[in-house]
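Participant: So that you have it, the file is model_3.pdb, and it contains PDB, C-alpha atoms and all ligand atoms:
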ATOM      1  CA  MET A   1     218.400 192.212 109.180
ATOM      2  CA  ILE A   2     221.899 193.794 109.091
ATOM      3  CA  LYS A   3     223.198 190.801 107.149
ATOM      4  CA  LEU A   4     220.381 191.217 104.666
ATOM      5  CA  LEU A   5     221.088 194.931 104.235
ATOM      6  CA  ASN A   6     224.810 194.254 103.682
ATOM      7  CA  LYS A   7     224.023 191.693 101.040
ATOM      8  CA  VAL A   8     221.757 194.173  99.256
ATOM      9  CA  LYS A   9     224.514 196.818  99.427
ATOM     10  CA  ALA A  10     227.091 194.435  97.976
ATOM     11  CA  ASN A  11     224.827 193.679  95.051
ATOM     12  CA  LYS A  12     224.451 197.279  93.993
ATOM     13  CA  SER A  13     226.479 197.971  90.882
ATOM     14  CA  LYS A  14     228.445 201.164  90.498
ATOM     15  CA  SER A  15     228.729 200.916  86.740
ATOM     16  CA  LYS A  16     226.968 203.354  84.461
ATOM     17  CA  PHE A  17     227.416 201.013  81.508
ATOM     18  CA  ILE A  18     224.694 198.558  80.731
ATOM     19  CA  LYS A  19     224.221 195.868  78.145
ATOM     20  CA  GLN A  20     221.612 196.708  75.572
ATOM     21  CA  ASN A  21     220.986 194.382  72.620
ATOM     22  CA  GLY A  22     224.148 192.549  73.608
ATOM     23  CA  LYS A  23     226.272 195.728  73.424
ATOM     24  CA  ARG A  24     227.673 197.960  76.118
ATOM     25  CA  ALA A  25     225.547 201.060  76.209
ATOM     26  CA  HIS A  26     226.059 204.324  77.999
ATOM     27  CA  TRP A  27     223.859 207.311  78.543
ATOM     28  CA  ASP A  28     224.826 210.650  77.087
ATOM     29  CA  PRO A  29     226.094 212.927  79.889
ATOM     30  CA  GLU A  30     224.976 215.962  77.854
ATOM     31  CA  LYS A  31     221.342 214.853  77.808
ATOM     32  CA  LEU A  32     220.726 213.746  81.356
ATOM     33  CA  PRO A  33     217.258 214.368  82.736
ATOM     34  CA  VAL A  34     217.420 217.402  85.020
ATOM     35  CA  HIS A  35     214.746 216.021  87.326
ATOM     36  CA  ILE A  36     214.015 212.351  88.024
ATOM     37  CA  ALA A  37     211.010 211.375  90.147
ATOM     38  CA  ILE A  38     210.522 207.889  91.557
ATOM     39  CA  ILE A  39     207.545 206.077  93.062
ATOM     40  CA  MET A  40     209.371 203.714  95.415
ATOM     41  CA  ASP A  41     206.943 200.816  95.060
ATOM     42  CA  GLY A  42     207.122 197.113  95.777
ATOM     43  CA  ASN A  43     208.677 197.059  99.256
ATOM     44  CA  GLY A  44     205.834 195.006 100.706
ATOM     45  CA  ARG A  45     205.884 192.403  97.933
ATOM     46  CA  TRP A  46     209.661 192.153  98.122
ATOM     47  CA  ALA A  47     209.393 191.265 101.798
ATOM     48  CA  THR A  48     206.398 188.930 101.696
ATOM     49  CA  GLY A  49     207.960 187.095  98.740
ATOM     50  CA  ARG A  50     210.814 186.224 101.092
ATOM     51  CA  GLY A  51     208.575 185.311 104.011
ATOM     52  CA  LEU A  52     209.544 188.513 105.829
ATOM     53  CA  PRO A  53     207.281 191.147 107.388
ATOM     54  CA  ARG A  54     206.419 194.070 105.059
ATOM     55  CA  THR A  55     208.419 196.384 107.300
ATOM     56  CA  ALA A  56     211.629 194.557 106.276
ATOM     57  CA  GLY A  57     210.883 195.611 102.708
ATOM     58  CA  HIS A  58     210.714 199.255 103.770
ATOM     59  CA  ALA A  59     214.057 198.963 105.579
ATOM     60  CA  VAL A  60     215.736 197.627 102.438
ATOM     61  CA  GLY A  61     213.791 200.171 100.348
ATOM     62  CA  ALA A  62     215.278 202.960 102.454
ATOM     63  CA  GLU A  63     218.758 201.590 101.668
ATOM     64  CA  THR A  64     217.908 201.575  97.977
ATOM     65  CA  PHE A  65     216.788 205.180  98.285
ATOM     66  CA  ARG A  66     220.151 206.058  99.827
ATOM     67  CA  HIS A  67     222.073 204.333  97.004
ATOM     68  CA  ILE A  68     220.023 205.871  94.250
ATOM     69  CA  ALA A  69     220.196 209.376  95.755
ATOM     70  CA  THR A  70     223.992 209.082  96.009
ATOM     71  CA  TYR A  71     224.207 207.788  92.467
ATOM     72  CA  CYS A  72     222.046 210.658  91.175
ATOM     73  CA  LYS A  73     224.397 213.071  92.889
ATOM     74  CA  ASP A  74     227.481 211.321  91.477
ATOM     75  CA  ILE A  75     226.278 211.417  87.885
ATOM     76  CA  GLY A  76     224.993 214.996  88.026
ATOM     77  CA  ILE A  77     221.210 214.726  88.284
ATOM     78  CA  GLU A  78     219.986 218.070  89.657
ATOM     79  CA  TYR A  79     216.689 217.001  91.252
ATOM     80  CA  LEU A  80     215.509 213.662  92.587
ATOM     81  CA  THR A  81     211.967 213.466  93.955
ATOM     82  CA  THR A  82     210.801 210.326  95.730
ATOM     83  CA  TYR A  83     207.368 209.291  96.933
ATOM     84  CA  ALA A  84     207.933 208.068 100.503
ATOM     85  CA  PHE A  85     204.470 208.356 102.065
ATOM     86  CA  SER A  86     201.205 209.365 100.430
ATOM     87  CA  THR A  87     198.096 210.921 101.940
ATOM     88  CA  GLU A  88     196.480 207.508 101.329
ATOM     89  CA  ASN A  89     199.211 205.521 103.134
ATOM     90  CA  TRP A  90     197.615 206.313 106.519
ATOM     91  CA  LYS A  91     195.259 203.396 105.746
ATOM     92  CA  ARG A  92     198.132 200.974 106.532
ATOM     93  CA  THR A  93     198.622 199.333 109.920
ATOM     94  CA  ALA A  94     200.001 201.404 112.788
ATOM     95  CA  ASP A  95     203.057 199.143 112.842
ATOM     96  CA  GLU A  96     203.853 199.716 109.174
ATOM     97  CA  ILE A  97     203.330 203.486 109.461
ATOM     98  CA  ALA A  98     205.544 203.635 112.540
ATOM     99  CA  THR A  99     208.266 201.699 110.711
ATOM    100  CA  ILE A 100     208.248 204.065 107.727
ATOM    101  CA  MET A 101     208.315 207.134 110.008
ATOM    102  CA  GLY A 102     211.095 205.536 112.051
ATOM    103  CA  LEU A 103     213.150 204.912 108.900
ATOM    104  CA  LEU A 104     212.687 208.521 107.901
ATOM    105  CA  GLU A 105     213.825 209.702 111.303
ATOM    106  CA  LYS A 106     216.864 207.447 111.137
ATOM    107  CA  TYR A 107     217.664 208.669 107.659
ATOM    108  CA  LEU A 108     217.382 212.309 108.728
ATOM    109  CA  TYR A 109     219.603 211.840 111.785
ATOM    110  CA  GLU A 110     222.217 210.218 109.568
ATOM    111  CA  SER A 111     221.883 212.910 106.886
ATOM    112  CA  LEU A 112     222.399 215.622 109.469
ATOM    113  CA  GLU A 113     225.552 213.909 110.684
ATOM    114  CA  LYS A 114     226.984 213.521 107.194
ATOM    115  CA  MET A 115     225.629 216.727 105.741
ATOM    116  CA  GLU A 116     228.911 218.570 105.332
ATOM    117  CA  ARG A 117     230.386 215.525 103.591
ATOM    118  CA  ASP A 118     227.430 214.687 101.325
ATOM    119  CA  LYS A 119     226.332 218.249 100.511
ATOM    120  CA  VAL A 120     222.837 217.171  99.452
ATOM    121  CA  LYS A 121     220.091 219.774  99.529
ATOM    122  CA  MET A 122     216.929 218.245 100.963
ATOM    123  CA  LYS A 123     213.316 219.310 100.790
ATOM    124  CA  PHE A 124     210.105 217.706 102.004
ATOM    125  CA  LEU A 125     206.969 218.025  99.936
ATOM    126  CA  GLY A 126     203.575 217.431 101.494
ATOM    127  CA  ASP A 127     201.589 218.314 104.587
ATOM    128  CA  VAL A 128     204.158 217.615 107.278
ATOM    129  CA  SER A 129     202.116 219.444 109.940
ATOM    130  CA  VAL A 130     200.498 216.178 111.075
ATOM    131  CA  LEU A 131     203.784 214.329 111.598
ATOM    132  CA  SER A 132     205.340 213.826 115.026
ATOM    133  CA  PRO A 133     207.057 216.894 116.536
ATOM    134  CA  LYS A 134     210.351 214.977 116.450
ATOM    135  CA  LEU A 135     210.091 214.302 112.731
ATOM    136  CA  ARG A 136     208.893 217.843 112.021
ATOM    137  CA  ASN A 137     211.878 219.310 113.859
ATOM    138  CA  LEU A 138     214.246 217.050 111.974
ATOM    139  CA  ILE A 139     212.669 218.122 108.705
ATOM    140  CA  VAL A 140     212.988 221.825 109.529
ATOM    141  CA  GLU A 141     216.597 221.381 110.644
ATOM    142  CA  THR A 142     217.574 219.329 107.588
ATOM    143  CA  GLU A 143     215.942 221.759 105.168
ATOM    144  CA  GLU A 144     217.481 224.736 106.885
ATOM    145  CA  LEU A 145     221.017 223.349 107.157
ATOM    146  CA  SER A 146     221.086 221.881 103.663
ATOM    147  CA  LYS A 147     219.697 224.853 101.772
ATOM    148  CA  LYS A 148     223.208 226.188 101.093
ATOM    149  CA  PHE A 149     224.140 223.137  98.998
ATOM    150  CA  ASP A 150     223.643 223.340  95.266
ATOM    151  CA  GLY A 151     224.506 219.866  93.961
ATOM    152  CA  VAL A 152     221.634 217.401  93.808
ATOM    153  CA  GLN A 153     218.375 218.428  95.481
ATOM    154  CA  VAL A 154     216.553 215.469  96.972
ATOM    155  CA  ASN A 155     212.850 216.016  97.532
ATOM    156  CA  VAL A 156     211.027 213.527  99.722
ATOM    157  CA  CYS A 157     207.250 213.487  99.323
ATOM    158  CA  LEU A 158     205.796 212.873 102.741
ATOM    159  CA  ASN A 159     202.093 212.873 103.501
ATOM    160  CA  TYR A 160     201.871 214.005  99.906
ATOM    161  CA  GLY A 161     198.896 213.727  97.577
ATOM    162  CA  SER A 162     198.768 215.588  94.329
ATOM    163  CA  ARG A 163     195.037 216.372  94.326
ATOM    164  CA  ASN A 164     195.361 217.724  97.822
ATOM    165  CA  GLU A 165     198.374 219.780  96.691
ATOM    166  CA  ILE A 166     196.347 221.317  93.854
ATOM    167  CA  ILE A 167     193.380 222.165  96.112
ATOM    168  CA  ARG A 168     195.714 223.669  98.698
ATOM    169  CA  ALA A 169     197.400 225.748  95.979
ATOM    170  CA  ALA A 170     194.017 227.034  94.742
ATOM    171  CA  GLU A 171     193.042 227.983  98.294
ATOM    172  CA  LYS A 172     196.353 229.737  98.907
ATOM    173  CA  TYR A 173     196.095 231.629  95.652
ATOM    174  CA  ALA A 174     192.515 232.767  96.359
ATOM    175  CA  ALA A 175     193.407 233.789  99.924
ATOM    176  CA  GLU A 176     196.355 235.870  98.722
ATOM    177  CA  ARG A 177     194.285 237.549  96.040
ATOM    178  CA  TYR A 178     191.576 238.314  98.583
ATOM    179  CA  ASP A 179     194.022 239.646 101.161
ATOM    180  CA  ALA A 180     195.634 241.874  98.533
ATOM    181  CA  ASN A 181     192.285 243.330  97.526
ATOM    182  CA  PRO A 182     189.258 242.259  99.615
ATOM    183  CA  ASN A 183     186.824 244.151  97.399
ATOM    184  CA  ASN A 184     188.113 242.671  94.165
ATOM    185  CA  GLU A 185     185.156 241.009  92.492
ATOM    186  CA  ALA A 186     187.190 239.463  89.683
ATOM    187  CA  LEU A 187     188.950 237.223  92.178
ATOM    188  CA  THR A 188     189.741 234.364  89.850
ATOM    189  CA  GLY A 189     191.612 235.865  86.915
ATOM    190  CA  PRO A 190     193.949 236.168  85.195
ATOM    191  CA  LEU A 191     195.849 233.148  86.401
ATOM    192  CA  THR A 192     198.648 231.568  84.366
ATOM    193  CA  GLU A 193     200.071 228.044  84.643
ATOM    194  CA  GLU A 194     203.392 229.551  85.676
ATOM    195  CA  THR A 195     201.807 231.562  88.492
ATOM    196  CA  PHE A 196     199.723 228.624  89.713
ATOM    197  CA  SER A 197     202.817 226.391  89.816
ATOM    198  CA  LYS A 198     204.314 228.726  92.392
ATOM    199  CA  TYR A 199     201.574 227.745  94.863
ATOM    200  CA  LEU A 200     202.384 224.034  94.655
ATOM    201  CA  TYR A 201     204.795 222.248  96.991
ATOM    202  CA  THR A 202     207.123 222.051  93.995
ATOM    203  CA  ALA A 203     207.394 225.840  93.525
ATOM    204  CA  ASP A 204     210.861 226.604  92.105
ATOM    205  CA  ILE A 205     211.456 222.954  91.190
ATOM    206  CA  PRO A 206     211.345 222.183  87.452
ATOM    207  CA  ASP A 207     208.808 219.589  86.337
ATOM    208  CA  PRO A 208     210.154 216.025  86.328
ATOM    209  CA  ASP A 209     211.652 214.929  83.025
ATOM    210  CA  LEU A 210     211.522 211.265  83.909
ATOM    211  CA  ILE A 211     209.152 209.461  86.270
ATOM    212  CA  ILE A 212     210.120 205.935  87.259
ATOM    213  CA  ARG A 213     207.749 203.411  88.791
ATOM    214  CA  PRO A 214     209.102 200.027  89.736
ATOM    215  CA  SER A 215     207.096 196.951  90.763
ATOM    216  CA  GLY A 216     205.069 196.446  87.594
ATOM    217  CA  GLU A 217     202.338 198.958  88.424
ATOM    218  CA  MET A 218     201.546 201.455  85.676
ATOM    219  CA  ARG A 219     199.815 204.340  87.372
ATOM    220  CA  LEU A 220     200.696 207.640  89.009
ATOM    221  CA  SER A 221     198.832 207.044  92.301
ATOM    222  CA  ASN A 222     198.254 210.740  93.016
ATOM    223  CA  PHE A 223     201.929 211.637  92.451
ATOM    224  CA  LEU A 224     202.869 214.949  90.775
ATOM    225  CA  LEU A 225     199.733 215.031  88.613
ATOM    226  CA  TRP A 226     200.161 218.670  87.588
ATOM    227  CA  GLN A 227     203.935 218.451  87.215
ATOM    228  CA  ALA A 228     203.840 215.239  85.157
ATOM    229  CA  ALA A 229     202.090 216.858  82.178
ATOM    230  CA  TYR A 230     205.083 216.326  79.879
ATOM    231  CA  SER A 231     207.154 213.834  81.819
ATOM    232  CA  GLU A 232     208.471 210.660  80.269
ATOM    233  CA  TYR A 233     207.603 207.442  82.113
ATOM    234  CA  TYR A 234     209.697 204.392  82.783
ATOM    235  CA  PHE A 235     208.013 201.308  84.217
ATOM    236  CA  THR A 236     209.839 198.189  85.348
ATOM    237  CA  ASP A 237     208.822 194.963  87.051
ATOM    238  CA  THR A 238     211.782 195.235  89.435
ATOM    239  CA  LEU A 239     210.624 195.759  93.017
ATOM    240  CA  TRP A 240     212.032 198.901  94.644
ATOM    241  CA  PRO A 241     214.370 197.099  97.095
ATOM    242  CA  ASP A 242     215.977 195.368  94.073
ATOM    243  CA  PHE A 243     216.302 198.568  92.046
ATOM    244  CA  THR A 244     219.971 199.238  91.246
ATOM    245  CA  GLU A 245     222.110 201.978  89.775
ATOM    246  CA  ARG A 246     222.277 199.839  86.654
ATOM    247  CA  GLU A 247     218.506 199.901  86.346
ATOM    248  CA  LEU A 248     218.604 203.673  86.668
ATOM    249  CA  ASP A 249     221.194 203.724  83.860
ATOM    250  CA  HIS A 250     218.778 201.687  81.803
ATOM    251  CA  ALA A 251     215.936 204.111  82.536
ATOM    252  CA  ILE A 252     218.139 207.064  81.530
ATOM    253  CA  ILE A 253     219.237 205.418  78.271
ATOM    254  CA  ASN A 254     215.604 204.632  77.552
ATOM    255  CA  TYR A 255     214.635 208.231  78.336
ATOM    256  CA  GLN A 256     217.355 209.599  76.057
ATOM    257  CA  ALA A 257     215.939 207.640  73.135
ATOM    258  CA  ARG A 258     212.564 209.382  73.478
ATOM    259  CA  ASP A 259     211.425 212.204  71.225
ATOM    260  CA  ARG A 260     209.996 214.866  73.534
ATOM    261  CA  ARG A 261     207.749 217.052  71.420
ATOM    262  CA  TYR A 262     205.633 218.900  73.990
ATOM    263  CA  GLY A 263     202.708 218.919  71.580
ATOM    264  CA  ASN A 264     204.806 220.098  68.648
ATOM    265  CA  ALA A 265     204.754 218.391  65.230
ATOM    266  CA  ARG A 266     207.674 216.113  64.414
TER
HETATM  267  C1  LIG B   1     205.557 201.507  98.572
HETATM  268  O1  LIG B   1     205.713 200.089  98.577
HETATM  269  C2  LIG B   1     206.447 202.099  99.568
HETATM  270  C3  LIG B   1     206.042 202.896 100.608
HETATM  271  C4  LIG B   1     204.638 203.280 100.823
HETATM  272  C5  LIG B   1     207.024 203.402 101.604
HETATM  273  C6  LIG B   1     208.316 203.907 101.017
HETATM  274  C7  LIG B   1     209.238 204.132 102.155
HETATM  275  C8  LIG B   1     210.553 203.868 102.164
HETATM  276  C9  LIG B   1     211.313 203.421 100.969
HETATM  277  C10 LIG B   1     211.338 204.007 103.447
HETATM  278  C11 LIG B   1     211.557 205.382 103.960
HETATM  279  C12 LIG B   1     212.077 206.341 102.993
HETATM  280  C13 LIG B   1     213.164 207.121 103.077
HETATM  281  C14 LIG B   1     213.251 208.256 102.138
HETATM  282  C15 LIG B   1     214.281 206.915 104.032
HETATM  283  P1  LIG B   1     204.493 199.190  99.077
HETATM  284  O2  LIG B   1     204.606 199.035 100.550
HETATM  285  O3  LIG B   1     203.209 199.777  98.596
HETATM  286  O4  LIG B   1     204.820 197.845  98.355
HETATM  287  P2  LIG B   1     203.733 196.788  97.808
HETATM  288  O5  LIG B   1     203.008 197.464  96.678
HETATM  289  O6  LIG B   1     204.589 195.670  97.347
HETATM  290  O7  LIG B   1     202.845 196.418  98.960
END
Can I see the file as structure tokens?
Facilitator:
Amino acid sequence: MIKLLNKVKANKSKSKFIKQNGKRAHWDPEKLPVHIAIIMDGNGRWATGRGLPRTAGHAVGAETFRHIATYCKDIGIEYLTTYAFSTENWKRTADEIATIMGLLEKYLYESLEKMERDKVKMKFLGDVSVLSPKLRNLIVETEELSKKFDGVQVNVCLNYGSRNEIIRAAEKYAAERYDANPNNEALTGPLTEETFSKYLYTADIPDPDLIIRPSGEMRLSNFLLWQAAYSEYYFTDTLWPDFTERELDHAIINYQARDRRYGNAR
């Protein structure tokens, strides 16, 4: 496994130049997306395609996550949000779930060790209350210790589901309104989009500019449904463990060629 991980590491390119239509292309540093969100998909297929257990795909996927997060920091992306475990992923085998949770624990231990060097602010989005006490403590500690950093903010969606997030936000909003004024009959209004956003896990995080989904699937799978209203999408057949910095460059160049109108006329 270590040999495999080293090989994957060696293959990752550091270059931010890519070839497009036979020419060297470069993204514009002035127009970088502020917030990139990624559905890290294809780990299982990557592994089974090589005759390996699915869990091997997650191990390499975690390495890819590490590379891409570092690269985002290096090039000046302010927010990176990744989908690590959805509310639906509990349907997987106990072995696969334990592997993913174990990789997260390992990643958090390592992040804590290197925190002062890496200076990455980390946040976890989702209902983490059902996770193991060990993982919950690591999450609290990482969030607490890293909140002073203001370079890239890496958000890891864990036991996250967007519909659940929206329902939870509605409940929280109603409860607060009720607590503030239990006799208020007009409990539901007025409520603005801006106010409602503050009740989501992503409160204080700008909406993603660019959402990337590798592995050939073209759906959101309950990821950031509210926040994705005006996001640009980038789909690629590359499986997440094979996703490189160069592919991210490609996604950014592609994003920069888009005309974002937000409903306006051209
Ligand atoms: C989706 O691929 C991937 C997951 C459900 C798990 C993602 C987890 C990691 C990358 C490891 C832990 C993360 C961190 C942040 C250290 P899939 O299994 O659905 O792939 P498939 O569609 O090919 O089956």
Participant: Go through the shown structure with the PyMOL selection byres (((chain A and resi 260) around 9) and not hetatm) and write out the matching residues as an MDAnalysis selection string.
Facilitator: chainID A and resid 230:232 258:259 261:264
Participant: Please produce a file of those selected residues containing C-alpha atoms, as an mmCIF file, in the coordinates of the input.
Facilitator:
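Okay, this is what ended up in out00.cif:
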data_model
loop_
_atom_site.group_PDB
_atom_site.id
_atom_site.type_symbol
_atom_site.label_atom_id
_atom_site.label_comp_id
_atom_site.auth_asym_id
_atom_site.auth_seq_id
_atom_site.Cartn_x
_atom_site.Cartn_y
_atom_site.Cartn_z
ATOM 1 C CA TYR A 230 205.083 216.326 79.879
ATOM 2 C CA SER A 231 207.154 213.834 81.819
ATOM 3 C CA GLU A 232 208.471 210.660 80.269
ATOM 4 C CA ARG A 258 212.564 209.382 73.478
ATOM 5 C CA ASP A 259 211.425 212.204 71.225
ATOM 6 C CA ARG A 261 207.749 217.052 71.420
ATOM 7 C CA TYR A 262 205.633 218.900 73.990
ATOM 8 C CA GLY A 263 202.708 218.919 71.580
ATOM 9 C CA ASN A 264 204.806 220.098 68.648
#
Participant: Taking the file as I've supplied it (selection: the PyMOL selection byres (((chain A and resi 139) around 12) and not hetatm)), which residues are included? Please answer as a PDB file with C-alpha atoms, in the frame of the given file.
Facilitator:
ATOM      1  CA  MET A 101     208.315 207.134 110.008  1.00  0.00           C
ATOM      2  CA  LEU A 104     212.687 208.521 107.901  1.00  0.00           C
ATOM      3  CA  GLU A 105     213.825 209.702 111.303  1.00  0.00           C
ATOM      4  CA  LYS A 106     216.864 207.447 111.137  1.00  0.00           C
ATOM      5  CA  TYR A 107     217.664 208.669 107.659  1.00  0.00           C
ATOM      6  CA  LEU A 108     217.382 212.309 108.728  1.00  0.00           C
ATOM      7  CA  TYR A 109     219.603 211.840 111.785  1.00  0.00           C
ATOM      8  CA  SER A 111     221.883 212.910 106.886  1.00  0.00           C
ATOM      9  CA  LEU A 112     222.399 215.622 109.469  1.00  0.00           C
ATOM     10  CA  LYS A 121     220.091 219.774  99.529  1.00  0.00           C
ATOM     11  CA  MET A 122     216.929 218.245 100.963  1.00  0.00           C
ATOM     12  CA  LYS A 123     213.316 219.310 100.790  1.00  0.00           C
ATOM     13  CA  PHE A 124     210.105 217.706 102.004  1.00  0.00           C
ATOM     14  CA  LEU A 125     206.969 218.025  99.936  1.00  0.00           C
ATOM     15  CA  GLY A 126     203.575 217.431 101.494  1.00  0.00           C
ATOM     16  CA  ASP A 127     201.589 218.314 104.587  1.00  0.00           C
ATOM     17  CA  VAL A 128     204.158 217.615 107.278  1.00  0.00           C
ATOM     18  CA  SER A 129     202.116 219.444 109.940  1.00  0.00           C
ATOM     19  CA  LEU A 131     203.784 214.329 111.598  1.00  0.00           C
ATOM     20  CA  SER A 132     205.340 213.826 115.026  1.00  0.00           C
ATOM     21  CA  PRO A 133     207.057 216.894 116.536  1.00  0.00           C
ATOM     22  CA  LYS A 134     210.351 214.977 116.450  1.00  0.00           C
ATOM     23  CA  LEU A 135     210.091 214.302 112.731  1.00  0.00           C
ATOM     24  CA  ARG A 136     208.893 217.843 112.021  1.00  0.00           C
ATOM     25  CA  ASN A 137     211.878 219.310 113.859  1.00  0.00           C
ATOM     26  CA  LEU A 138     214.246 217.050 111.974  1.00  0.00           C
ATOM     27  CA  VAL A 140     212.988 221.825 109.529  1.00  0.00           C
ATOM     28  CA  GLU A 141     216.597 221.381 110.644  1.00  0.00           C
ATOM     29  CA  THR A 142     217.574 219.329 107.588  1.00  0.00           C
ATOM     30  CA  GLU A 143     215.942 221.759 105.168  1.00  0.00           C
ATOM     31  CA  GLU A 144     217.481 224.736 106.885  1.00  0.00           C
ATOM     32  CA  LEU A 145     221.017 223.349 107.157  1.00  0.00           C
ATOM     33  CA  SER A 146     221.086 221.881 103.663  1.00  0.00           C
ATOM     34  CA  LYS A 147     219.697 224.853 101.772  1.00  0.00           C
ATOM     35  CA  ASN A 155     212.850 216.016  97.532  1.00  0.00           C
ATOM     36  CA  VAL A 156     211.027 213.527  99.722  1.00  0.00           C
ATOM     37  CA  CYS A 157     207.250 213.487  99.323  1.00  0.00           C
ATOM     38  CA  LEU A 158     205.796 212.873 102.741  1.00  0.00           C
TER      39      LEU A 158
END
Participant: I'd like the interatomic distance between atom C4 of ligand LIG 1 (chain B) and CA of Ala229 (chain A), to a tenth of an Å.
Facilitator: 23.2 Å
Participant: Could you tell me which residues the PyMOL selection byres (((chain A and resi 39-42) around 9) and not hetatm) grabs in this file, written as a list in words?
Facilitator: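 Residues picked by the PyMOL selection byres (((chain A and resi 39-42) around 9) and not hetatm): Ala37, Ile38, Asn43, Gly44, Arg45, Trp46, Ala47, Gly57, Gly61, Phe65, Thr81, Thr82, Tyr83, Ala84, Ile211, Ile212, Arg213, Pro214, Ser215, Gly216, Glu217, Leu220, Ser221, Phe223, Thr238, Leu239, Trp240 and Pro241 of chain A.
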Participant: Quick one: of A:Glu78, A:Glu194, A:Asp242, A:Asp204, who's nearest to ligand LIG 1 (chain B), counting only C-alpha atoms and all ligand atoms?
Facilitator: A:Asp242
Participant: Please compute the CA of Glu165 (chain A)-CA of Tyr201 (chain A) distance, one decimal, in Å.
Facilitator: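 One can read the CA of Glu165 (chain A) to CA of Tyr201 (chain A) distance as 6.9 Å.
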Participant: If we count all atoms listed in the file and set the cut-off at 9 Å, which residues sit around Arg163 (chain A), ignoring sequence neighbours fewer than 5 positions away in its own chain? Please answer as a count of residues only.
Facilitator: 6
Participant: Between CA of Asp74 (chain A) and CA of Glu245 (chain A), measure the distance and give it in Å to one decimal.
Facilitator: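 These atoms are spaced 10.9 Å apart.
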